[in-house]
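S.K.: Input: one structure, supplied below.
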Amino acid sequence: MPNHKFTRACAALAMTLVAGASLAAEKKLTVGVADALTGGGAVYGLPQANAVKMAAEEINAAGGIKVGPDVYKIDVIAYDDKANPTEATNAVRKLIDRDGVKYILGFCCSGSTSAVASFIGNEKAVMLVGNAAERSITTKKIPNLVRTRPPADYTGQAAGTFIARKGQKRIAVLGALDVGFYAQYVDSVEREIKKTGGEIIAREVFSLKDRDMTPQLTKIRGLNPDAILVVGYVEPAAFVYRQAVELGMNIPRYGFTSGSEEQFLRVTTSEQMEGVWDLRPTELTLLSASKNGIAYHANYTKKYNASPSPSSPYAYDQLYALKAAIEAAGTVDNTEAVAKALRNLAVPPQVVMQYQPVDGKMFDVNGQAYTSNGAFQWQKGKWVFVEDLPSDSKAYSQFLSTLN
Amino acid sequence: MLIEILQQTINGLAIGGVYVLIALGLTTVFGILGIAHFAHGSISMSGGYLTYFLVTAQGMPVLAAIPVALASGILLGLLVEMLAYRPVRNANHINAFIVALGLTMMVEGLNLQLFGHEQVVIPTGLSRVFRLGGITVPELRLYVIVAAIVLVIAMMIFVERTKTGQAIRAVAENRDAAILMGVNVRTIPLIVFGMSTALGVAAGIMVGALFAIAPGIGEGLVVKGFAVLILGGLGSFPGAILGGTVLGITESIAAGFISSAYKDVIAFVVMILVLLIRPQGLLGRAP
C-alpha cells in the first residue's frame, strides 16, 4: 500500500512537471526584424536578418529566455524594408499593429532607420538598431531605442588620425556623400588631418546604383592627390577600387565600407584590392575576432553557406542584449522596463563585437554602444587586422549627449 | 587638361557603345514596327545573366558563352514577337504599349527569381591596362569599344547591303508598297526582333562584364536608350549611333568637369537643348 502511495505521488509529481514544462514550452516571444532583404542595402540587411535568426535558434536551443518561472522561445518575423524610409515605416507598422510585436531588430541603413526612429518613441515597443550609422539616430534621446553600431563620425575621427599619421596631406574623397553619415565620417576625417596640415582636395560623389566611377576618378587623378578615401556601400566602393587600378592610380586607397572578402571579390580581383585600407569599427574578421567571433563565423558559414558580412554581428548582438534585458527586467510585456534594463546592461558574454562599455554599461545614456575601431588592410586575398585605432568612447558619449 | 579630356572621352566611349547597341535595337523595332519595346532592357540583361550562368555555373569560357547567349537572344526575340506582340499587331497602339509594360515586369520578375537580387559580374579575366602617354585604357573597355563598333558595322552592312536588309527598309518606308513589291511582311517582324534582341544581349553582356547586372539595371538602360533615340532622331540608325556616343561622352565629361552628382541630369539637359534647336533630333528627318 505505501508503495502505491509512493507511486501515485511520483506520478502526480511527474505529471505536474510535464504539465509545467509543456506550459513553459508553449510561451513564445515574437521579435520582428525590419531590414533591407533586397536591393542595394541587402549586402548589409540580409546578413543582419540571418544573424538574428541564427541567434534566436541558439537561444532557443540553450533553453530560451527565462522570465521568472516562464521560459520563452523566440520566433522571428522578418520584413523587407528595401532600405527605403516608406517601406521601413510600413514594415514596422505591420509588425506593431498587425503582428503585435514589441521588439524590433535589424535596421542596417540610415535613411530607413531614421524614418522609424522618428515615431518609435510613441510606441510601446523597443527598437534595436544595427548597422545604420547616422549620428542623429541616437541624439534624440529616444528612451526605447538603442544602437549596437557606433556613429560614423566616431570612427571617422579615429580614421583621420590614422591617415594623418601615415603622412598623406592631399586627400581626394569619392563616396556616397549625399548620405548623411558618410558625410559626417568625411567631416571628422577632415578635422583630424587639418591638425597636421592636411586637406581634402576633392569631394566627388557616387550614388548607390553607380557602377562607372571612371569620370570621377579621372578628375581626381588630374589633381594628383596623395591618397583617395572611398566612403560608401560595398558594391560601388568595389568598383572604385577596381577602376582606380585600371586608371593607373598607384596611390594609397583608404575606405569606410565594411564589406567582406566575398563581397569585394564579386567585383574586383584580389590583386586590384591589394593594399586597400578599411578604417572602420573593429567588426568581424577572423584575425580580429574573439572566441565568440570565431564561433559566429563558423556557425553562420555552415548555416547559410556564405561568409557573414563584417557588420552582421551588430544584429546578432542585439538579440543577446535583448535577452539579457528581458531577463533583468523580469517581463516581456512591459517594454518600458525592458528599455530601461537595456540602458543599464553590462555587455553580455555571448556578444561577438568588442564593445567599449561606458561606465560599465553596454549602452550609454543616449542608447548608444561603442565598439573599438580598427585599421584593416587587404593582404593577399583577405582583410587583415593591422592595428587598433585609438578611440575614446566616454568622451564621444559626452559629446553625443550635447547634441539634439 | 587635354589628357583629362581624352581620358574622359575614352571612358565615355565604352558606356556610349552600350547605349548605341541598346538604342539600335529599340530604333529598329520602333522605326519598323512602331512598337515602344520597353522590355528591351530587361531582356538584354537576361542575356547578360545567361552568359554569367554559362561562365560561372557551367564553367564555359567566356568567349564560348557569348555566341551561345547571342543565339539565345535571337531565339528569345523570335518568341517575344510571336507570343507577345504578334497577337496585338493589328489592334490599337495602346495594346502593344500595355504588352510591353507587362513583358518588362514579367522578365524582371523572372530574372529576379532565377538569379536573385544580388548584382552579378561576368568574370572575364581581362585585367591588363594599356597606357599611351597619360591615357590609360583597360583591356576590357577596349574590347567593349571594338566589339560595339564591329556589331554596328555588321548591322549596317546587313541592313544596307543584303536583300533582307533592303526588305526591312522597304517595310519601314512603306509597308503597303513593300507588300506590292512581293516582300514577305510576316517574316520581317521576326527578323527585326531577332536582330534587335541579339544587339540588346550584346549590350547586356558588356554591362555585366564592365559593371554589373542587377534587378532594375535593364529598366534604367532602356530609359537611356529611348533618350538616345530622341536625341539621334526617331527611327534613324545613324542617329542612334551618334546619339549613343554623344550621350556616353557627355555623361563622362559632365561628371569630370561639372559635377558627378548631376551626371544623369546634365546628360538629359544636353538632350533637351539639342531638341530645342533640332526638334527632330540630331539626324532625324524633319516632318
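Ordering of the C-alpha cells sets the chain letters (A, B, ...), residue numbers begin anew at 1 in every chain, and ligands are numbered from 1 in the order given.
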Any idea what's packed within 9 Å of Pro279 in chain B, counting only C-alpha atoms, ignoring anything in its chain fewer than 3 positions away? Could you give it as a short mmCIF file (atom, residue, chain, number, x, y, z; two decimals) with N, CA and C atoms, in the first residue's frame?

M.R.:
data_model
loop_
_atom_site.label_atom_id
_atom_site.label_comp_id
_atom_site.auth_asym_id
_atom_site.auth_seq_id
_atom_site.Cartn_x
_atom_site.Cartn_y
_atom_site.Cartn_z
N ILE B 230 15.62 59.67 -79.10
CA ILE B 230 15.07 61.02 -79.29
C ILE B 230 16.20 61.98 -79.67
N LEU B 231 17.34 61.81 -79.01
CA LEU B 231 18.48 62.67 -79.30
C LEU B 231 18.96 62.50 -80.74
N GLY B 233 17.29 61.02 -83.26
CA GLY B 233 16.22 61.09 -84.25
C GLY B 233 15.52 59.75 -84.33
N VAL B 274 19.51 70.08 -77.36
CA VAL B 274 19.59 69.66 -78.77
C VAL B 274 18.20 69.68 -79.39
N LEU B 275 17.21 69.19 -78.64
CA LEU B 275 15.84 69.12 -79.18
C LEU B 275 15.24 70.51 -79.36
N LEU B 276 15.68 71.47 -78.54
CA LEU B 276 15.17 72.83 -78.72
C LEU B 276 15.64 73.40 -80.06
N LEU B 282 19.27 64.83 -83.72
CA LEU B 282 20.49 65.18 -84.45
C LEU B 282 20.42 64.78 -85.92
N GLY B 284 17.54 63.06 -87.32
CA GLY B 284 16.18 62.70 -87.72
C GLY B 284 15.71 63.58 -88.86
N ALA B 286 13.07 66.00 -90.66
CA ALA B 286 12.01 66.94 -90.26
C ALA B 286 10.68 66.47 -90.86
#

S.K.: Run DSSP on the backbone and tell me which residues of range 124-193 of chain B come out as alpha helix (DSSP H); list them as a ChimeraX atom specification.

M.R.: /B:139-161,163-173,175-180,187-193

S.K.: May I ask you to extract the residues of chain B within 6 Å of chain A, using only C-alpha atoms, and to give them as a list in words?

M.R.: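 Listed by rising number, the hits are His117, Val129, Thr136, Pro138, Phe211, Ser252, Ala255, Gly256, Ser260 and Ala261 of chain B.
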
S.K.: Show me, as an NGL selection string, the residues that have an atom within 8 Å of range 101-116 of chain B when counting only C-alpha atoms, minus same-chain residues fewer than 5 positions from it.

M.R.: :B and (38-40 or 42-43 or 46 or 49 or 84 or 215-216)

S.K.: Quick one: distance from CA of Thr164 in chain B to CA of Gly17 in chain B in Å, one decimal?

M.R.: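 Value for the CA of Thr164 in chain B-CA of Gly17 in chain B distance: 25.2 Å.
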
S.K.: Could you pull the residues within 9 Å of Tyr182 in chain A, counting only C-alpha atoms, minus those fewer than 3 positions along the same chain, as a ChimeraX atom specification?

M.R.: /A:133-134,152-153,175-179,185-187,231-232,256

S.K.: What's around Gly125 in chain B at 10 Å? Count only C-alpha atoms, leave out sequence neighbours fewer than 2 positions away in its own chain, and write the answer as a VMD selection string.

M.R.: (chain A and resid 269) or (chain B and resid 62 122 to 123 127 to 128 140 209)

S.K.: Can you tell me which residues surround Pro357 in chain A at a distance of at most 8 Å, considering only C-alpha atoms, apart from same-chain residues fewer than 6 positions away, and format the answer as a PyMOL selection string?

M.R.: chain A and resi 346-347+363-364+369-370+393

S.K.: Using only N, CA, C and O atoms, please write the residues we just selected to a file, as a PDB file, in the first residue's frame.

M.R.:
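Here's the written file result39.pdb:
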ATOM      1  N   ALA A 346      25.152  45.424 -18.586  1.00  0.00           N
ATOM      2  CA  ALA A 346      26.584  45.185 -18.828  1.00  0.00           C
ATOM      3  C   ALA A 346      26.682  44.402 -20.139  1.00  0.00           C
ATOM      4  O   ALA A 346      25.700  43.806 -20.575  1.00  0.00           O
ATOM      5  N   VAL A 347      27.845  44.411 -20.753  1.00  0.00           N
ATOM      6  CA  VAL A 347      27.973  43.701 -22.036  1.00  0.00           C
ATOM      7  C   VAL A 347      27.763  42.202 -21.813  1.00  0.00           C
ATOM      8  O   VAL A 347      28.484  41.585 -21.024  1.00  0.00           O
ATOM      9  N   PHE A 363      25.273  50.132 -23.320  1.00  0.00           N
ATOM     10  CA  PHE A 363      24.693  51.300 -23.986  1.00  0.00           C
ATOM     11  C   PHE A 363      24.834  52.508 -23.056  1.00  0.00           C
ATOM     12  O   PHE A 363      24.580  52.392 -21.855  1.00  0.00           O
ATOM     13  N   ASP A 364      25.196  53.659 -23.627  1.00  0.00           N
ATOM     14  CA  ASP A 364      25.322  54.860 -22.795  1.00  0.00           C
ATOM     15  C   ASP A 364      23.941  55.499 -22.573  1.00  0.00           C
ATOM     16  O   ASP A 364      22.919  54.933 -22.981  1.00  0.00           O
ATOM     17  N   ALA A 369      25.892  52.163 -28.204  1.00  0.00           N
ATOM     18  CA  ALA A 369      27.015  51.292 -27.831  1.00  0.00           C
ATOM     19  C   ALA A 369      28.233  51.680 -28.671  1.00  0.00           C
ATOM     20  O   ALA A 369      28.096  52.262 -29.744  1.00  0.00           O
ATOM     21  N   TYR A 370      29.400  51.358 -28.166  1.00  0.00           N
ATOM     22  CA  TYR A 370      30.645  51.700 -28.879  1.00  0.00           C
ATOM     23  C   TYR A 370      31.502  50.459 -29.017  1.00  0.00           C
ATOM     24  O   TYR A 370      31.710  49.732 -28.043  1.00  0.00           O
ATOM     25  N   SER A 393      35.568  56.278 -26.143  1.00  0.00           N
ATOM     26  CA  SER A 393      34.108  56.138 -26.161  1.00  0.00           C
ATOM     27  C   SER A 393      33.438  57.058 -25.137  1.00  0.00           C
ATOM     28  O   SER A 393      32.369  57.616 -25.398  1.00  0.00           O
TER      29      SER A 393
END

S.K.: Quick one: residues within 7 Å of Asp388 in chain A, only C-alpha atoms counted, chain neighbours fewer than 5 positions away excluded, as a CSV table (one decimal) with N, CA and C atoms, in the first residue's frame?

M.R.:
chain,number,residue,atom,x,y,z
A,373,ASN,N,37.6,50.8,-32.8
A,373,ASN,CA,37.8,51.0,-34.2
A,373,ASN,C,39.2,50.4,-34.6
A,374,GLY,N,39.2,50.0,-35.9
A,374,GLY,CA,40.5,49.3,-36.3
A,374,GLY,C,40.8,49.6,-37.7
A,375,ALA,N,42.1,49.4,-38.0
A,375,ALA,CA,42.6,49.6,-39.4
A,375,ALA,C,42.8,48.2,-40.0

S.K.: Which residue is closest to Asn184 in chain B? Choose from B:Thr27, B:Gln166, B:Gln58, B:Ser259 and count only C-alpha atoms.

M.R.: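 The shortest atom-to-atom distance to Asn184 in chain B comes from B:Gln166.
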
S.K.: Work out how far CA of Leu199 in chain B is from CA of Gly25 in chain B, in Å to one decimal.

M.R.: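 Atom-to-atom, CA of Gly25 in chain B to CA of Leu199 in chain B, that is 6.1 Å.
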
S.K.: Considering only C-alpha atoms, state which residue in the set A:Thr196, A:Ser136, A:Ser118, A:Gln184 is at the smallest distance from Gly367 in chain A.

M.R.: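 Checking each of A:Thr196, A:Ser136, A:Ser118, A:Gln184 against Gly367 in chain A, counting only C-alpha atoms, the winner is A:Ser136.
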
S.K.: Pick the closest to Leu46 in chain A from A:Asp75, A:Tyr296, A:Ala306, A:Glu123: which is it, counting only C-alpha atoms?

M.R.: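 Of the candidates, the smallest distance to Leu46 in chain A is held by A:Ala306.
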
S.K.: Just asking: which residues within range 43-134 of chain B are strand (DSSP E) according to DSSP, as a list in words?

M.R.: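 Here are the strand (DSSP E) residues of range 43-134 of chain B: Val129, Phe130, Arg131 and Leu132 of chain B.
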
S.K.: Once you count only C-alpha atoms, what closest atom pair and distance in Å to one decimal does each residue of range 89-203 of chain B within 9 Å of range 3-10 of chain B have, with rows by chain and rising residue number, as a tab-separated table?

M.R.:
residue	atom	partner	partner_atom	distance
B:Gly133	CA	B:Ile3	CA	8.4
B:Gly134	CA	B:Ile3	CA	6.3
B:Ile135	CA	B:Gln7	CA	5.7
B:Thr136	CA	B:Gln7	CA	7.2
B:Val137	CA	B:Ile10	CA	7.5
B:Arg141	CA	B:Ile10	CA	8.7
B:Leu142	CA	B:Ile10	CA	8.8

S.K.: Just how far from CA of Leu21 in chain B is CA of Val146 in chain B, in Å to one decimal?

M.R.: 12.4 Å

S.K.: Given the choices A:Thr148, A:Leu208, A:Asn305, A:Ala91, which gets closest to Thr371 in chain A if the distance is worked out from only C-alpha atoms?

M.R.: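 Smallest separation from Thr371 in chain A among the options: A:Thr148.
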
S.K.: Restricting the calculation to only C-alpha atoms: of B:Val120, B:Ala64, B:Ala202, B:Leu283, which residue gets closest to Leu229 in chain B?

M.R.: B:Leu283
